[in-house]
Amino acid sequence: MRFHLNPIKVNFPIMDNVRIRFTELFGKSDNVQHFFCPGRVNLIGEHIDYLGGLVMPSAISLGITAVIRPNKTNAITVHSTDFNETIELDLSSLPNSKQNNWCDFVLGVVLHLNQIGIEVGGCELLLDSNLPKGSGLSSSAALEVLCYFMFSCVFGGKEPNRVQMALDCQRIENEFIGVSCGIMDQFAVANGQADKAIVLNCDTLQHEIVPLDLKEYSLLIINTNKPRALAESAYNQRRKECDEALKIISVERPIENLVEATLDDLELISNPIFKKRARHALTEQLRVQKSVGVLNSGSLVEFGNLMNESHQSLRDDFEVSCAELDFVVNELQSSDSCLGARMTGAGFGGCCVALVETKRVHKLSQSLNETYKTRFNRVPEFYDCKPSNGVHIIS
Ligand code: GLA
């Protein structure tokens, strides 16, 4: 079973290993600087960031580590340990569109920073990730925000404004990479805090950092390892369907964001698909509002129920779940050591998040590992998730 308990505890060996790898690749490791950007898990508020809704993500202890050394050359030489590949970006002739490889996130950020007056210079750069890719834990946002933050510190001389950085990285993802994501992921990995969740209003960007007091419970993330086939086109399709629902309601009642509608407004929509999508958006917004209250009052049981309801709505009304996610969520929900479980992130595969009694995390993971393998002939992964700090320099 692949179980990563408390990944933060293994941070130091990881740091030593990346430094050794840097020396192997680039000769020496004097004058290097280290940076880290976490991934995120969304606790509740799914598929409503791009509808101006409320979301509640936390940054997590899994993420991407970078080792960088400026070298006054005219090229960025970047190696990814995940892809075991080195790519060189020639700064005197940077392509201005994406090249369809992992380095596009680095390239998009470099082009953007150059445009806003931060001239990114030559360097050697090693990227090392323990964040699963394409699994709903924001590996793309982590790479964008990591590069933005690191290049701003190294070549711009200061830390960037974190809210502006999140907005710029979302724009890079929308316009350069071509994925119409909302603001949640970039915002969470930029602004996360240890042991806290972020309650973010994606319309106004007003946010509150709230303590996450889970008492004798833990957040367990389960990766179905199901590849997210067609996820991008289905994601963009959901956005369009929500736009249609908004247009229909706005004829009668002018509103700017779909989440401002009321449940009664759903009667205005006759198309059953648009109606279901809108119903998810409205009920999910209500669930996040309730979650803020129940977490403040320490009622984890009620929060667990809201997580369960969120999954049901994502499965039946928004239709972004899949057999693997539903199986894992059902197994968890039927265990008395789990208060609530749901898919997290864009869906169509990827991860679930669950609130599980800490002392039974291992046992529950072991039994789920067996039943899941038998059912799908695929090995899941488990991460014990600690809410963590956003992107930072490691000194
Ligand atoms: C992806 C997107 C986010 C958000 C989630 C679903 O992670 O990048 O903006 O829409 O899906 O909540």
# chains A, B, ... in the order shown; residues from 1 in each chain; ligands from 1
call {"tool": "residues_around", "arguments": {"residues": "stretch 376-389 of chain A", "least_positions_apart": "5", "cutoff": "9 Å", "atoms": "only C-alpha atoms", "output": "count of residues only"}}
result
43
call {"tool": "residues_near_ligand", "arguments": {"ligand": "ligand 1", "cutoff": "9 Å", "atoms": "only C-alpha atoms and all ligand atoms", "output": "number ranges by chain"}}
result
A: 42, 44-51, 55, 136-138, 140-141, 170, 173, 179-186, 235, 344-347
call {"tool": "atom_distance", "arguments": {"atom1": "atom CA of A:Arg21", "atom2": "atom CA of A:Leu113"}}
result
27.7 Å
call {"tool": "atom_distance", "arguments": {"atom1": "atom CA of A:Arg315", "atom2": "atom CA of A:Asn296"}}
result
27.5 Å
call {"tool": "closest_residue", "arguments": {"among": "A:Phe26, A:Phe83, A:Phe303, A:Tyr217", "to": "A:Ser337", "atoms": "only C-alpha atoms"}}
result
A:Tyr217
call {"tool": "closest_atom_pairs", "arguments": {"of": "stretch 204-317 of chain A", "to": "stretch 152-165 of chain A", "cutoff": "12 Å", "atoms": "only C-alpha atoms", "output": "JSON lines"}}
result
{"residue": "A:Thr204", "atom": "CA", "partner": "A:Val163", "partner_atom": "CA", "distance": 11.5}
{"residue": "A:Leu205", "atom": "CA", "partner": "A:Val163", "partner_atom": "CA", "distance": 8.3}
{"residue": "A:Gln206", "atom": "CA", "partner": "A:Val163", "partner_atom": "CA", "distance": 10.1}
{"residue": "A:His207", "atom": "CA", "partner": "A:Val163", "partner_atom": "CA", "distance": 10.4}
call {"tool": "write_last_selection", "arguments": {"atoms": "C-alpha atoms", "output": "tab-separated table (two decimals), in the first residue's frame"}}
result
chain	number	residue	atom	x	y	z
A	204	THR	CA	-14.68	39.95	-4.43
A	205	LEU	CA	-11.54	38.01	-3.36
A	206	GLN	CA	-12.36	38.90	0.22
A	207	HIS	CA	-11.02	36.10	2.36
call {"tool": "atom_distance", "arguments": {"atom1": "atom CA of A:Gly53", "atom2": "atom CA of A:Arg279"}}
result
13.2 Å
call {"tool": "select_by_dssp", "arguments": {"residues": "stretch 38-159 of chain A", "states": "strand (DSSP E)", "output": "PyMOL selection string"}}
result
chain A and resi 38-44+54-70+75-80+85-90+123-129
call {"tool": "decode", "arguments": {"residues": "stretch 249-260 of chain A", "atoms": "all heavy atoms", "output": "compact mmCIF listing (two decimals), in the first residue's frame"}}
result
# COMPACT_ATOMS: atom_id res chain seq x y z
N ILE A 249 -31.82 33.04 -16.05
CA ILE A 249 -32.34 33.65 -14.81
C ILE A 249 -32.26 35.18 -14.91
O ILE A 249 -33.18 35.89 -14.49
CB ILE A 249 -31.54 33.14 -13.58
CG1 ILE A 249 -31.80 31.65 -13.38
CG2 ILE A 249 -31.93 33.92 -12.31
CD1 ILE A 249 -30.98 30.99 -12.29
N SER A 250 -31.19 35.68 -15.52
CA SER A 250 -30.98 37.13 -15.57
C SER A 250 -32.04 37.88 -16.37
O SER A 250 -32.24 39.08 -16.17
CB SER A 250 -29.62 37.47 -16.19
OG SER A 250 -28.62 36.87 -15.46
N VAL A 251 -32.70 37.16 -17.27
CA VAL A 251 -33.77 37.82 -18.04
C VAL A 251 -34.85 38.32 -17.07
O VAL A 251 -35.38 39.42 -17.21
CB VAL A 251 -34.38 36.83 -19.06
CG1 VAL A 251 -35.61 37.42 -19.74
CG2 VAL A 251 -33.33 36.42 -20.08
N GLU A 252 -35.17 37.50 -16.07
CA GLU A 252 -36.20 37.87 -15.09
C GLU A 252 -35.65 38.68 -13.92
O GLU A 252 -36.32 39.53 -13.37
CB GLU A 252 -36.85 36.59 -14.51
CG GLU A 252 -37.62 35.77 -15.51
CD GLU A 252 -38.87 36.50 -16.00
OE1 GLU A 252 -39.54 37.15 -15.18
OE2 GLU A 252 -39.15 36.42 -17.22
N ARG A 253 -34.45 38.32 -13.52
CA ARG A 253 -33.90 38.91 -12.30
C ARG A 253 -32.42 39.18 -12.53
O ARG A 253 -31.60 38.25 -12.47
CB ARG A 253 -34.04 37.87 -11.17
CG ARG A 253 -34.36 38.50 -9.83
CD ARG A 253 -34.79 37.43 -8.86
NE ARG A 253 -33.68 36.60 -8.41
CZ ARG A 253 -32.81 37.00 -7.51
NH1 ARG A 253 -32.87 38.17 -6.97
NH2 ARG A 253 -31.84 36.20 -7.13
N PRO A 254 -32.05 40.43 -12.84
CA PRO A 254 -30.65 40.69 -13.20
C PRO A 254 -29.70 40.38 -12.03
O PRO A 254 -29.81 40.97 -10.97
CB PRO A 254 -30.65 42.20 -13.51
CG PRO A 254 -32.07 42.62 -13.56
CD PRO A 254 -32.89 41.62 -12.82
N ILE A 255 -28.84 39.41 -12.24
CA ILE A 255 -27.81 39.09 -11.24
C ILE A 255 -26.49 38.96 -12.00
O ILE A 255 -26.48 38.69 -13.19
CB ILE A 255 -28.10 37.77 -10.49
CG1 ILE A 255 -28.47 36.64 -11.46
CG2 ILE A 255 -29.17 37.94 -9.42
CD1 ILE A 255 -28.55 35.26 -10.82
N GLU A 256 -25.38 39.16 -11.29
CA GLU A 256 -24.08 39.07 -11.96
C GLU A 256 -23.50 37.67 -11.92
O GLU A 256 -22.85 37.22 -12.85
CB GLU A 256 -23.11 40.05 -11.32
CG GLU A 256 -22.93 41.29 -12.16
CD GLU A 256 -22.03 42.27 -11.50
OE1 GLU A 256 -20.92 41.89 -11.10
OE2 GLU A 256 -22.45 43.44 -11.37
N ASN A 257 -23.69 37.02 -10.77
CA ASN A 257 -23.11 35.68 -10.60
C ASN A 257 -24.22 34.67 -10.33
O ASN A 257 -25.18 34.98 -9.61
CB ASN A 257 -22.17 35.66 -9.39
CG ASN A 257 -20.98 36.56 -9.62
OD1 ASN A 257 -20.24 36.39 -10.58
ND2 ASN A 257 -20.80 37.53 -8.73
N LEU A 258 -24.05 33.47 -10.87
CA LEU A 258 -25.08 32.44 -10.70
C LEU A 258 -25.38 32.18 -9.22
O LEU A 258 -26.54 31.95 -8.85
CB LEU A 258 -24.63 31.15 -11.39
CG LEU A 258 -25.63 30.02 -11.44
CD1 LEU A 258 -26.96 30.45 -12.06
CD2 LEU A 258 -25.08 28.83 -12.21
N VAL A 259 -24.37 32.24 -8.36
CA VAL A 259 -24.62 31.92 -6.94
C VAL A 259 -25.50 32.96 -6.24
O VAL A 259 -25.91 32.75 -5.11
CB VAL A 259 -23.30 31.73 -6.15
CG1 VAL A 259 -22.53 30.52 -6.63
CG2 VAL A 259 -22.44 32.98 -6.19
N GLU A 260 -25.78 34.10 -6.92
CA GLU A 260 -26.68 35.10 -6.31
C GLU A 260 -28.15 34.74 -6.52
O GLU A 260 -29.04 35.36 -5.94
CB GLU A 260 -26.43 36.48 -6.93
CG GLU A 260 -25.09 37.09 -6.56
CD GLU A 260 -24.71 38.20 -7.54
OE1 GLU A 260 -25.60 38.93 -8.04
OE2 GLU A 260 -23.50 38.32 -7.82
